[in-house]
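Student: Sharing upload-v3.txt below, compact mmCIF, N, CA and C atoms:
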# COMPACT_ATOMS: atom_id res chain seq x y z
N MET A 1 111.19 157.32 86.44
CA MET A 1 111.32 155.87 86.62
C MET A 1 111.37 155.24 85.23
N SER A 2 112.40 154.50 84.95
CA SER A 2 112.52 153.86 83.66
C SER A 2 111.79 152.53 83.66
N LEU A 3 111.61 151.98 82.46
CA LEU A 3 110.95 150.69 82.32
C LEU A 3 111.75 149.60 83.01
N ALA A 4 113.07 149.68 82.94
CA ALA A 4 113.91 148.68 83.61
C ALA A 4 113.74 148.75 85.12
N LEU A 5 113.67 149.96 85.66
CA LEU A 5 113.47 150.12 87.09
C LEU A 5 112.11 149.59 87.52
N ALA A 6 111.07 149.89 86.72
CA ALA A 6 109.73 149.39 87.04
C ALA A 6 109.70 147.87 87.02
N SER A 7 110.38 147.26 86.05
CA SER A 7 110.44 145.81 85.98
C SER A 7 111.19 145.24 87.18
N GLY A 8 112.25 145.92 87.60
CA GLY A 8 113.01 145.46 88.76
C GLY A 8 112.21 145.54 90.04
N VAL A 9 111.45 146.62 90.20
CA VAL A 9 110.60 146.76 91.38
C VAL A 9 109.54 145.66 91.39
N THR A 10 108.96 145.38 90.22
CA THR A 10 107.96 144.32 90.11
C THR A 10 108.57 142.98 90.49
N ALA A 11 109.78 142.71 90.03
CA ALA A 11 110.44 141.44 90.36
C ALA A 11 110.72 141.35 91.85
N LEU A 12 111.13 142.46 92.48
CA LEU A 12 111.36 142.45 93.92
C LEU A 12 110.08 142.18 94.69
N LEU A 13 108.98 142.81 94.26
CA LEU A 13 107.70 142.57 94.91
C LEU A 13 107.28 141.12 94.77
N LEU A 14 107.55 140.56 93.62
CA LEU A 14 107.15 139.20 93.33
C LEU A 14 107.93 138.20 94.17
N CYS A 15 109.18 138.46 94.43
CA CYS A 15 110.04 137.51 95.15
C CYS A 15 110.24 137.87 96.60
N ALA A 16 109.53 138.87 97.10
CA ALA A 16 109.70 139.25 98.50
C ALA A 16 109.19 138.15 99.41
N PRO A 17 109.92 137.86 100.47
CA PRO A 17 109.45 136.83 101.40
C PRO A 17 108.15 137.26 102.07
N PRO A 18 107.23 136.33 102.32
CA PRO A 18 105.95 136.69 102.89
C PRO A 18 106.00 137.11 104.36
N GLY A 19 107.03 136.80 105.07
CA GLY A 19 107.10 137.19 106.47
C GLY A 19 108.39 136.73 107.10
N PRO A 20 108.54 136.89 108.41
CA PRO A 20 109.80 136.54 109.06
C PRO A 20 110.11 135.05 109.02
N ALA A 21 109.10 134.20 108.89
CA ALA A 21 109.33 132.75 108.87
C ALA A 21 109.54 132.23 107.46
N ALA A 22 109.89 133.09 106.53
CA ALA A 22 110.04 132.69 105.13
C ALA A 22 111.26 131.79 104.96
N SER A 23 111.18 130.92 103.99
CA SER A 23 112.30 130.02 103.72
C SER A 23 113.40 130.78 102.98
N ALA A 24 114.49 130.12 102.74
CA ALA A 24 115.62 130.75 102.06
C ALA A 24 115.32 131.03 100.60
N ALA A 25 114.36 130.34 100.01
CA ALA A 25 114.00 130.55 98.61
C ALA A 25 112.55 131.01 98.51
N PRO A 26 112.29 132.33 98.72
CA PRO A 26 110.92 132.82 98.78
C PRO A 26 110.16 132.68 97.47
N CYS A 27 110.84 132.70 96.34
CA CYS A 27 110.14 132.63 95.06
C CYS A 27 109.57 131.24 94.79
N GLN A 28 110.09 130.24 95.45
CA GLN A 28 109.59 128.89 95.19
C GLN A 28 108.16 128.71 95.65
N THR A 29 107.72 129.47 96.65
CA THR A 29 106.34 129.33 97.10
C THR A 29 105.37 129.78 96.03
N ALA A 30 105.71 130.83 95.30
CA ALA A 30 104.81 131.35 94.28
C ALA A 30 104.78 130.47 93.04
N ILE A 31 105.81 129.65 92.83
CA ILE A 31 105.85 128.88 91.59
C ILE A 31 105.79 127.38 91.83
N ALA A 32 105.35 126.97 92.99
CA ALA A 32 105.25 125.53 93.28
C ALA A 32 104.28 124.88 92.31
N ALA A 33 104.61 123.69 91.90
CA ALA A 33 103.75 122.98 90.95
C ALA A 33 102.40 122.66 91.59
N PRO A 34 101.30 123.03 90.92
CA PRO A 34 99.98 122.79 91.51
C PRO A 34 99.56 121.33 91.35
N THR A 35 98.73 120.89 92.24
CA THR A 35 98.10 119.59 92.09
C THR A 35 96.62 119.86 91.83
N PRO A 36 95.92 118.97 91.15
CA PRO A 36 94.53 119.24 90.78
C PRO A 36 93.62 119.59 91.95
N ASP A 37 93.83 119.02 93.13
CA ASP A 37 92.96 119.31 94.26
C ASP A 37 93.25 120.67 94.90
N ARG A 38 94.33 121.34 94.51
CA ARG A 38 94.69 122.63 95.09
C ARG A 38 94.27 123.81 94.24
N PHE A 39 93.68 123.59 93.06
CA PHE A 39 93.36 124.70 92.16
C PHE A 39 92.44 125.72 92.81
N VAL A 40 91.41 125.30 93.46
CA VAL A 40 90.42 126.22 93.99
C VAL A 40 90.78 126.70 95.39
N THR A 41 91.42 125.87 96.18
CA THR A 41 91.64 126.20 97.58
C THR A 41 92.87 127.07 97.83
N ASP A 42 93.85 127.08 96.95
CA ASP A 42 95.06 127.87 97.18
C ASP A 42 94.76 129.36 97.06
N SER A 43 95.33 130.13 97.97
CA SER A 43 95.21 131.57 97.86
C SER A 43 96.32 132.08 96.95
N ARG A 44 96.13 133.27 96.47
CA ARG A 44 97.12 133.87 95.57
C ARG A 44 98.29 134.39 96.39
N PRO A 45 99.50 134.32 95.82
CA PRO A 45 100.63 134.92 96.53
C PRO A 45 100.48 136.44 96.54
N ALA A 46 101.04 137.05 97.53
CA ALA A 46 100.95 138.51 97.65
C ALA A 46 101.50 139.20 96.40
N GLY A 47 102.48 138.59 95.76
CA GLY A 47 103.06 139.18 94.55
C GLY A 47 102.06 139.28 93.42
N LEU A 48 101.22 138.26 93.24
CA LEU A 48 100.23 138.30 92.16
C LEU A 48 99.15 139.33 92.47
N VAL A 49 98.69 139.36 93.69
CA VAL A 49 97.70 140.36 94.08
C VAL A 49 98.29 141.76 93.93
N GLY A 50 99.55 141.91 94.28
CA GLY A 50 100.23 143.19 94.09
C GLY A 50 100.33 143.58 92.62
N LEU A 51 100.56 142.58 91.76
CA LEU A 51 100.60 142.86 90.32
C LEU A 51 99.24 143.33 89.82
N TYR A 52 98.17 142.76 90.35
CA TYR A 52 96.82 143.21 89.98
C TYR A 52 96.62 144.67 90.40
N ALA A 53 97.02 144.99 91.62
CA ALA A 53 96.87 146.37 92.11
C ALA A 53 97.73 147.33 91.30
N LEU A 54 98.96 146.92 91.00
CA LEU A 54 99.85 147.75 90.19
C LEU A 54 99.26 147.98 88.81
N PHE A 55 98.62 146.96 88.24
CA PHE A 55 98.02 147.12 86.92
C PHE A 55 96.89 148.14 86.96
N GLY A 56 96.05 148.07 87.98
CA GLY A 56 94.98 149.06 88.12
C GLY A 56 95.53 150.46 88.28
N ALA A 57 96.57 150.60 89.09
CA ALA A 57 97.19 151.91 89.29
C ALA A 57 97.86 152.41 88.01
N ALA A 58 98.51 151.51 87.29
CA ALA A 58 99.18 151.90 86.03
C ALA A 58 98.15 152.34 85.00
N GLN A 59 97.03 151.65 84.92
CA GLN A 59 95.98 152.04 83.97
C GLN A 59 95.39 153.40 84.35
N THR A 60 95.23 153.64 85.64
CA THR A 60 94.72 154.94 86.10
C THR A 60 95.71 156.04 85.74
N TYR A 61 96.99 155.80 85.98
CA TYR A 61 98.01 156.79 85.64
C TYR A 61 98.08 156.98 84.12
N ASP A 62 97.94 155.92 83.37
CA ASP A 62 97.92 156.02 81.90
C ASP A 62 96.77 156.90 81.44
N THR A 63 95.60 156.72 82.02
CA THR A 63 94.44 157.54 81.65
C THR A 63 94.72 159.01 81.98
N TYR A 64 95.24 159.26 83.16
CA TYR A 64 95.54 160.63 83.57
C TYR A 64 96.56 161.27 82.62
N THR A 65 97.66 160.57 82.36
CA THR A 65 98.70 161.16 81.51
C THR A 65 98.23 161.30 80.07
N THR A 66 97.37 160.40 79.61
CA THR A 66 96.82 160.52 78.25
C THR A 66 96.02 161.81 78.12
N PHE A 67 95.11 162.05 79.06
CA PHE A 67 94.29 163.25 78.99
C PHE A 67 95.10 164.51 79.21
N ARG A 68 96.12 164.43 80.04
CA ARG A 68 96.98 165.60 80.24
C ARG A 68 97.73 165.94 78.94
N ALA A 69 98.24 164.91 78.26
CA ALA A 69 98.95 165.14 77.00
C ALA A 69 97.99 165.66 75.93
N LEU A 70 96.78 165.11 75.89
CA LEU A 70 95.79 165.58 74.90
C LEU A 70 95.42 167.04 75.14
N GLN A 71 95.30 167.45 76.39
CA GLN A 71 95.00 168.84 76.71
C GLN A 71 96.11 169.78 76.28
N ARG A 72 97.31 169.24 76.17
CA ARG A 72 98.47 170.07 75.79
C ARG A 72 98.82 169.93 74.32
N GLY A 73 97.90 169.39 73.52
CA GLY A 73 98.09 169.39 72.08
C GLY A 73 98.57 168.09 71.46
N ALA A 74 98.78 167.06 72.24
CA ALA A 74 99.21 165.78 71.68
C ALA A 74 98.01 165.11 71.01
N ARG A 75 98.27 164.04 70.28
CA ARG A 75 97.17 163.28 69.68
C ARG A 75 97.25 161.84 70.14
N GLU A 76 96.11 161.18 70.16
CA GLU A 76 96.03 159.78 70.59
C GLU A 76 96.59 158.89 69.49
N ALA A 77 97.55 158.05 69.84
CA ALA A 77 98.18 157.15 68.87
C ALA A 77 97.40 155.86 68.68
N ASN A 78 96.59 155.47 69.66
CA ASN A 78 95.80 154.25 69.56
C ASN A 78 94.62 154.52 68.63
N PRO A 79 94.50 153.80 67.50
CA PRO A 79 93.45 154.10 66.53
C PRO A 79 92.03 153.80 67.03
N VAL A 80 91.89 153.04 68.10
CA VAL A 80 90.56 152.70 68.62
C VAL A 80 90.02 153.81 69.53
N LEU A 81 90.90 154.52 70.22
CA LEU A 81 90.47 155.45 71.25
C LEU A 81 90.09 156.87 70.83
N PRO A 82 90.51 157.42 69.69
CA PRO A 82 90.15 158.81 69.40
C PRO A 82 88.67 159.16 69.50
N PRO A 83 87.73 158.28 69.12
CA PRO A 83 86.32 158.68 69.31
C PRO A 83 85.93 158.81 70.78
N LEU A 84 86.67 158.13 71.67
CA LEU A 84 86.34 158.17 73.09
C LEU A 84 87.09 159.25 73.86
N THR A 85 88.16 159.80 73.28
CA THR A 85 89.00 160.73 74.04
C THR A 85 88.29 162.01 74.47
N PRO A 86 87.28 162.51 73.77
CA PRO A 86 86.62 163.70 74.31
C PRO A 86 85.84 163.41 75.60
N ASN A 87 85.50 162.17 75.84
CA ASN A 87 84.69 161.81 77.00
C ASN A 87 85.53 161.05 78.03
N VAL A 88 85.84 161.70 79.13
CA VAL A 88 86.68 161.10 80.16
C VAL A 88 86.00 159.86 80.75
N ILE A 89 84.70 159.92 80.94
CA ILE A 89 83.98 158.79 81.54
C ILE A 89 84.03 157.56 80.64
N ALA A 90 83.83 157.74 79.34
CA ALA A 90 83.87 156.61 78.41
C ALA A 90 85.27 156.01 78.36
N ALA A 91 86.28 156.85 78.29
CA ALA A 91 87.66 156.34 78.25
C ALA A 91 88.01 155.63 79.55
N SER A 92 87.56 156.16 80.67
CA SER A 92 87.82 155.51 81.96
C SER A 92 87.09 154.17 82.06
N ALA A 93 85.90 154.10 81.50
CA ALA A 93 85.15 152.84 81.50
C ALA A 93 85.87 151.78 80.67
N ILE A 94 86.45 152.20 79.55
CA ILE A 94 87.23 151.27 78.71
C ILE A 94 88.44 150.77 79.50
N LYS A 95 89.11 151.67 80.19
CA LYS A 95 90.27 151.27 80.99
C LYS A 95 89.86 150.32 82.11
N ALA A 96 88.75 150.59 82.79
CA ALA A 96 88.28 149.72 83.87
C ALA A 96 87.92 148.33 83.32
N ALA A 97 87.29 148.30 82.16
CA ALA A 97 86.96 147.01 81.53
C ALA A 97 88.24 146.27 81.16
N SER A 98 89.25 146.99 80.72
CA SER A 98 90.53 146.38 80.38
C SER A 98 91.18 145.76 81.61
N VAL A 99 91.13 146.46 82.74
CA VAL A 99 91.70 145.93 83.98
C VAL A 99 90.94 144.68 84.40
N ALA A 100 89.63 144.74 84.41
CA ALA A 100 88.82 143.59 84.83
C ALA A 100 89.03 142.39 83.93
N THR A 101 89.07 142.62 82.63
CA THR A 101 89.27 141.52 81.68
C THR A 101 90.65 140.89 81.83
N THR A 102 91.66 141.71 81.99
CA THR A 102 93.02 141.19 82.15
C THR A 102 93.15 140.36 83.42
N ILE A 103 92.59 140.85 84.51
CA ILE A 103 92.65 140.09 85.77
C ILE A 103 91.85 138.80 85.64
N TYR A 104 90.71 138.84 84.97
CA TYR A 104 89.91 137.63 84.76
C TYR A 104 90.73 136.55 84.04
N PHE A 105 91.40 136.95 82.95
CA PHE A 105 92.18 135.97 82.20
C PHE A 105 93.44 135.53 82.95
N ALA A 106 94.01 136.41 83.75
CA ALA A 106 95.16 136.01 84.58
C ALA A 106 94.72 134.99 85.63
N GLU A 107 93.55 135.17 86.19
CA GLU A 107 93.03 134.19 87.15
C GLU A 107 92.77 132.84 86.49
N ARG A 108 92.24 132.87 85.29
CA ARG A 108 92.02 131.61 84.57
C ARG A 108 93.34 130.93 84.27
N LEU A 109 94.34 131.71 83.88
CA LEU A 109 95.66 131.16 83.60
C LEU A 109 96.29 130.61 84.88
N TRP A 110 96.06 131.29 86.02
CA TRP A 110 96.61 130.89 87.30
C TRP A 110 96.22 129.46 87.66
N ARG A 111 95.04 129.04 87.29
CA ARG A 111 94.56 127.70 87.66
C ARG A 111 95.45 126.59 87.13
N ARG A 112 96.02 126.77 85.96
CA ARG A 112 96.82 125.71 85.34
C ARG A 112 98.30 126.05 85.18
N HIS A 113 98.59 127.33 85.01
CA HIS A 113 99.98 127.74 84.74
C HIS A 113 100.32 128.95 85.61
N ARG A 114 100.68 128.68 86.83
CA ARG A 114 100.90 129.74 87.81
C ARG A 114 102.04 130.68 87.43
N VAL A 115 103.13 130.13 87.01
CA VAL A 115 104.27 130.97 86.63
C VAL A 115 103.89 131.84 85.43
N ALA A 116 103.19 131.27 84.47
CA ALA A 116 102.79 132.03 83.28
C ALA A 116 101.88 133.20 83.67
N ALA A 117 100.99 133.01 84.63
CA ALA A 117 100.11 134.09 85.06
C ALA A 117 100.91 135.24 85.67
N ILE A 118 101.89 134.90 86.47
CA ILE A 118 102.72 135.93 87.10
C ILE A 118 103.57 136.65 86.06
N VAL A 119 104.17 135.88 85.16
CA VAL A 119 105.01 136.48 84.10
C VAL A 119 104.16 137.37 83.20
N MET A 120 102.95 136.90 82.86
CA MET A 120 102.06 137.70 82.01
C MET A 120 101.72 139.03 82.68
N MET A 121 101.34 138.99 83.96
CA MET A 121 100.98 140.23 84.64
C MET A 121 102.19 141.16 84.78
N ALA A 122 103.36 140.61 85.04
CA ALA A 122 104.56 141.45 85.15
C ALA A 122 104.87 142.11 83.80
N GLY A 123 104.73 141.36 82.72
CA GLY A 123 104.97 141.92 81.40
C GLY A 123 103.97 143.00 81.02
N ILE A 124 102.70 142.73 81.27
CA ILE A 124 101.66 143.71 80.96
C ILE A 124 101.86 144.97 81.80
N ASN A 125 102.22 144.80 83.06
CA ASN A 125 102.48 145.96 83.91
C ASN A 125 103.64 146.78 83.38
N GLY A 126 104.71 146.11 82.96
CA GLY A 126 105.86 146.83 82.42
C GLY A 126 105.51 147.65 81.20
N VAL A 127 104.74 147.06 80.30
CA VAL A 127 104.33 147.78 79.09
C VAL A 127 103.42 148.95 79.45
N THR A 128 102.46 148.73 80.34
CA THR A 128 101.53 149.79 80.72
C THR A 128 102.25 150.95 81.40
N VAL A 129 103.16 150.64 82.31
CA VAL A 129 103.93 151.70 82.96
C VAL A 129 104.78 152.45 81.93
N GLY A 130 105.37 151.73 80.99
CA GLY A 130 106.15 152.37 79.93
C GLY A 130 105.32 153.33 79.10
N ILE A 131 104.11 152.93 78.74
CA ILE A 131 103.22 153.78 77.96
C ILE A 131 102.83 155.02 78.77
N ALA A 132 102.49 154.82 80.03
CA ALA A 132 102.11 155.95 80.87
C ALA A 132 103.26 156.94 81.05
N LEU A 133 104.46 156.42 81.23
CA LEU A 133 105.63 157.31 81.35
C LEU A 133 105.89 158.06 80.05
N HIS A 134 105.67 157.40 78.92
CA HIS A 134 105.80 158.09 77.63
C HIS A 134 104.77 159.21 77.53
N ASN A 135 103.53 158.93 77.92
CA ASN A 135 102.48 159.96 77.89
C ASN A 135 102.87 161.15 78.76
N ALA A 136 103.41 160.87 79.95
CA ALA A 136 103.83 161.96 80.84
C ALA A 136 104.94 162.78 80.21
N SER A 137 105.85 162.11 79.52
CA SER A 137 106.93 162.81 78.84
C SER A 137 106.40 163.72 77.73
N VAL A 138 105.45 163.22 76.97
CA VAL A 138 104.84 164.02 75.90
C VAL A 138 104.11 165.22 76.49
N ALA A 139 103.40 165.00 77.58
CA ALA A 139 102.67 166.11 78.22
C ALA A 139 103.65 167.18 78.73
N ARG A 140 104.76 166.74 79.33
CA ARG A 140 105.78 167.70 79.79
C ARG A 140 106.38 168.47 78.62
N ARG A 141 106.70 167.76 77.57
CA ARG A 141 107.32 168.39 76.40
C ARG A 141 106.38 169.40 75.76
N ASN A 142 105.10 169.08 75.67
CA ASN A 142 104.13 169.99 75.05
C ASN A 142 103.71 171.11 75.97
N GLY A 143 103.97 170.99 77.26
CA GLY A 143 103.57 171.99 78.23
C GLY A 143 104.50 173.19 78.29
N ARG A 144 105.64 173.10 77.67
CA ARG A 144 106.61 174.19 77.75
C ARG A 144 106.28 175.32 76.84
I'd like the structure from this file rewritten - as structure tokens, please.

Tutor:
Amino acid sequence: MSLALASGVTALLLCAPPGPAASAAPCQTAIAAPTPDRFVTDSRPAGLVGLYALFGAAQTYDTYTTFRALQRGAREANPVLPPLTPNVIAASAIKAASVATTIYFAERLWRRHRVAAIVMMAGINGVTVGIALHNASVARRNGR
């Protein structure tokens, strides 16, 4: 799966109509201009919740492919993580904290800038999936 394909799938999930009674322009529901009294009461569109789930899954896959590549002789390119790479639990805790922090800030952004929150999550997901796919490629290449 290429980065372009992952971005396309994310865009399709984001603009998918919520059900059979959907209007002709399904994306307009997710980007409707908020009014101050709707900040707390509005529920999230399924696309944003899906982006959160995709981000958690992408981070999990990134962790898996990172450790698989490291076991096959690769080295960690992120200068912050090498002290944590021998410990799967510590690295997983860092990834979980990253997911929680990102979702927290996306939720804060959602209150005032709904489109920006969706675009931010889609972009972060694209980058994370790209990194995980690169890790998988390195692991495959070193496994031969």

Student: Could you tell me how far atom C of Glu76 (chain A) sits from atom N of Arg141 (chain A), in Å to one decimal place?

Tutor: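 About the pair atom N of Arg141 (chain A) and atom C of Glu76 (chain A): they are 15.7 Å apart.
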
Student: For the structure I just gave you, how does DSSP split region 45-122 of chain A - specifically, which residues are helix (DSSP H, G or I)? Reply as a short mmCIF file (atom, residue, chain, number, x, y, z; two decimals) with N, CA and C atoms, keeping the file's coordinate frame.

Tutor:
data_model
loop_
_atom_site.label_atom_id
_atom_site.label_comp_id
_atom_site.auth_asym_id
_atom_site.auth_seq_id
_atom_site.Cartn_x
_atom_site.Cartn_y
_atom_site.Cartn_z
N ALA A 46 101.04 137.05 97.53
CA ALA A 46 100.95 138.51 97.65
C ALA A 46 101.50 139.20 96.40
N GLY A 47 102.48 138.59 95.76
CA GLY A 47 103.06 139.18 94.55
C GLY A 47 102.06 139.28 93.42
N LEU A 48 101.22 138.26 93.24
CA LEU A 48 100.23 138.30 92.16
C LEU A 48 99.15 139.33 92.47
N VAL A 49 98.69 139.36 93.69
CA VAL A 49 97.70 140.36 94.08
C VAL A 49 98.29 141.76 93.93
N GLY A 50 99.55 141.91 94.28
CA GLY A 50 100.23 143.19 94.09
C GLY A 50 100.33 143.58 92.62
N LEU A 51 100.56 142.58 91.76
CA LEU A 51 100.60 142.86 90.32
C LEU A 51 99.24 143.33 89.82
N TYR A 52 98.17 142.76 90.35
CA TYR A 52 96.82 143.21 89.98
C TYR A 52 96.62 144.67 90.40
N ALA A 53 97.02 144.99 91.62
CA ALA A 53 96.87 146.37 92.11
C ALA A 53 97.73 147.33 91.30
N LEU A 54 98.96 146.92 91.00
CA LEU A 54 99.85 147.75 90.19
C LEU A 54 99.26 147.98 88.81
N PHE A 55 98.62 146.96 88.24
CA PHE A 55 98.02 147.12 86.92
C PHE A 55 96.89 148.14 86.96
N GLY A 56 96.05 148.07 87.98
CA GLY A 56 94.98 149.06 88.12
C GLY A 56 95.53 150.46 88.28
N ALA A 57 96.57 150.60 89.09
CA ALA A 57 97.19 151.91 89.29
C ALA A 57 97.86 152.41 88.01
N ALA A 58 98.51 151.51 87.29
CA ALA A 58 99.18 151.90 86.03
C ALA A 58 98.15 152.34 85.00
N GLN A 59 97.03 151.65 84.92
CA GLN A 59 95.98 152.04 83.97
C GLN A 59 95.39 153.40 84.35
N THR A 60 95.23 153.64 85.64
CA THR A 60 94.72 154.94 86.10
C THR A 60 95.71 156.04 85.74
N TYR A 61 96.99 155.80 85.98
CA TYR A 61 98.01 156.79 85.64
C TYR A 61 98.08 156.98 84.12
N ASP A 62 97.94 155.92 83.37
CA ASP A 62 97.92 156.02 81.90
C ASP A 62 96.77 156.90 81.44
N THR A 63 95.60 156.72 82.02
CA THR A 63 94.44 157.54 81.65
C THR A 63 94.72 159.01 81.98
N TYR A 64 95.24 159.26 83.16
CA TYR A 64 95.54 160.63 83.57
C TYR A 64 96.56 161.27 82.62
N THR A 65 97.66 160.57 82.36
CA THR A 65 98.70 161.16 81.51
C THR A 65 98.23 161.30 80.07
N THR A 66 97.37 160.40 79.61
CA THR A 66 96.82 160.52 78.25
C THR A 66 96.02 161.81 78.12
N PHE A 67 95.11 162.05 79.06
CA PHE A 67 94.29 163.25 78.99
C PHE A 67 95.10 164.51 79.21
N ARG A 68 96.12 164.43 80.04
CA ARG A 68 96.98 165.60 80.24
C ARG A 68 97.73 165.94 78.94
N ALA A 69 98.24 164.91 78.26
CA ALA A 69 98.95 165.14 77.00
C ALA A 69 97.99 165.66 75.93
N LEU A 70 96.78 165.11 75.89
CA LEU A 70 95.79 165.58 74.90
C LEU A 70 95.42 167.04 75.14
N GLN A 71 95.30 167.45 76.39
CA GLN A 71 95.00 168.84 76.71
C GLN A 71 96.11 169.78 76.28
N VAL A 88 85.84 161.70 79.13
CA VAL A 88 86.68 161.10 80.16
C VAL A 88 86.00 159.86 80.75
N ILE A 89 84.70 159.92 80.94
CA ILE A 89 83.98 158.79 81.54
C ILE A 89 84.03 157.56 80.64
N ALA A 90 83.83 157.74 79.34
CA ALA A 90 83.87 156.61 78.41
C ALA A 90 85.27 156.01 78.36
N ALA A 91 86.28 156.85 78.29
CA ALA A 91 87.66 156.34 78.25
C ALA A 91 88.01 155.63 79.55
N SER A 92 87.56 156.16 80.67
CA SER A 92 87.82 155.51 81.96
C SER A 92 87.09 154.17 82.06
N ALA A 93 85.90 154.10 81.50
CA ALA A 93 85.15 152.84 81.50
C ALA A 93 85.87 151.78 80.67
N ILE A 94 86.45 152.20 79.55
CA ILE A 94 87.23 151.27 78.71
C ILE A 94 88.44 150.77 79.50
N LYS A 95 89.11 151.67 80.19
CA LYS A 95 90.27 151.27 80.99
C LYS A 95 89.86 150.32 82.11
N ALA A 96 88.75 150.59 82.79
CA ALA A 96 88.28 149.72 83.87
C ALA A 96 87.92 148.33 83.32
N ALA A 97 87.29 148.30 82.16
CA ALA A 97 86.96 147.01 81.53
C ALA A 97 88.24 146.27 81.16
N SER A 98 89.25 146.99 80.72
CA SER A 98 90.53 146.38 80.38
C SER A 98 91.18 145.76 81.61
N VAL A 99 91.13 146.46 82.74
CA VAL A 99 91.70 145.93 83.98
C VAL A 99 90.94 144.68 84.40
N ALA A 100 89.63 144.74 84.41
CA ALA A 100 88.82 143.59 84.83
C ALA A 100 89.03 142.39 83.93
N THR A 101 89.07 142.62 82.63
CA THR A 101 89.27 141.52 81.68
C THR A 101 90.65 140.89 81.83
N THR A 102 91.66 141.71 81.99
CA THR A 102 93.02 141.19 82.15
C THR A 102 93.15 140.36 83.42
N ILE A 103 92.59 140.85 84.51
CA ILE A 103 92.65 140.09 85.77
C ILE A 103 91.85 138.80 85.64
N TYR A 104 90.71 138.84 84.97
CA TYR A 104 89.91 137.63 84.76
C TYR A 104 90.73 136.55 84.04
N PHE A 105 91.40 136.95 82.95
CA PHE A 105 92.18 135.97 82.20
C PHE A 105 93.44 135.53 82.95
N ALA A 106 94.01 136.41 83.75
CA ALA A 106 95.16 136.01 84.58
C ALA A 106 94.72 134.99 85.63
N GLU A 107 93.55 135.17 86.19
CA GLU A 107 93.03 134.19 87.15
C GLU A 107 92.77 132.84 86.49
N ARG A 108 92.24 132.87 85.29
CA ARG A 108 92.02 131.61 84.57
C ARG A 108 93.34 130.93 84.27
N LEU A 109 94.34 131.71 83.88
CA LEU A 109 95.66 131.16 83.60
C LEU A 109 96.29 130.61 84.88
N TRP A 110 96.06 131.29 86.02
CA TRP A 110 96.61 130.89 87.30
C TRP A 110 96.22 129.46 87.66
N ARG A 111 95.04 129.04 87.29
CA ARG A 111 94.56 127.70 87.66
C ARG A 111 95.45 126.59 87.13
N ARG A 112 96.02 126.77 85.96
CA ARG A 112 96.82 125.71 85.34
C ARG A 112 98.30 126.05 85.18
N ARG A 114 100.68 128.68 86.83
CA ARG A 114 100.90 129.74 87.81
C ARG A 114 102.04 130.68 87.43
N VAL A 115 103.13 130.13 87.01
CA VAL A 115 104.27 130.97 86.63
C VAL A 115 103.89 131.84 85.43
N ALA A 116 103.19 131.27 84.47
CA ALA A 116 102.79 132.03 83.28
C ALA A 116 101.88 133.20 83.67
N ALA A 117 100.99 133.01 84.63
CA ALA A 117 100.11 134.09 85.06
C ALA A 117 100.91 135.24 85.67
N ILE A 118 101.89 134.90 86.47
CA ILE A 118 102.72 135.93 87.10
C ILE A 118 103.57 136.65 86.06
N VAL A 119 104.17 135.88 85.16
CA VAL A 119 105.01 136.48 84.10
C VAL A 119 104.16 137.37 83.20
N MET A 120 102.95 136.90 82.86
CA MET A 120 102.06 137.70 82.01
C MET A 120 101.72 139.03 82.68
N MET A 121 101.34 138.99 83.96
CA MET A 121 100.98 140.23 84.64
C MET A 121 102.19 141.16 84.78
N ALA A 122 103.36 140.61 85.04
CA ALA A 122 104.56 141.45 85.15
C ALA A 122 104.87 142.11 83.80
#

Student: For region 85-93 of chain A, list every protein, DNA or RNA residue within 8 Å, evaluated using all atoms listed in the file, and leave out those in the same chain fewer than 4 positions away; present the list as a count of residues only.

Tutor: 8

Student: Which residues are close to Asp62 (chain A), i.e. within 7 Å by only N, CA and C atoms, leaving aside same-chain residues fewer than 6 positions away? Reply as a ChimeraX atom specification.

Tutor: /A:128,131-133

Student: Could you tell me how far CA of Lys95 (chain A) lies from atom N of Phe55 (chain A), in Å and to one decimal?

Tutor: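 We find that CA of Lys95 (chain A) and atom N of Phe55 (chain A) lie 11.9 Å from each other.
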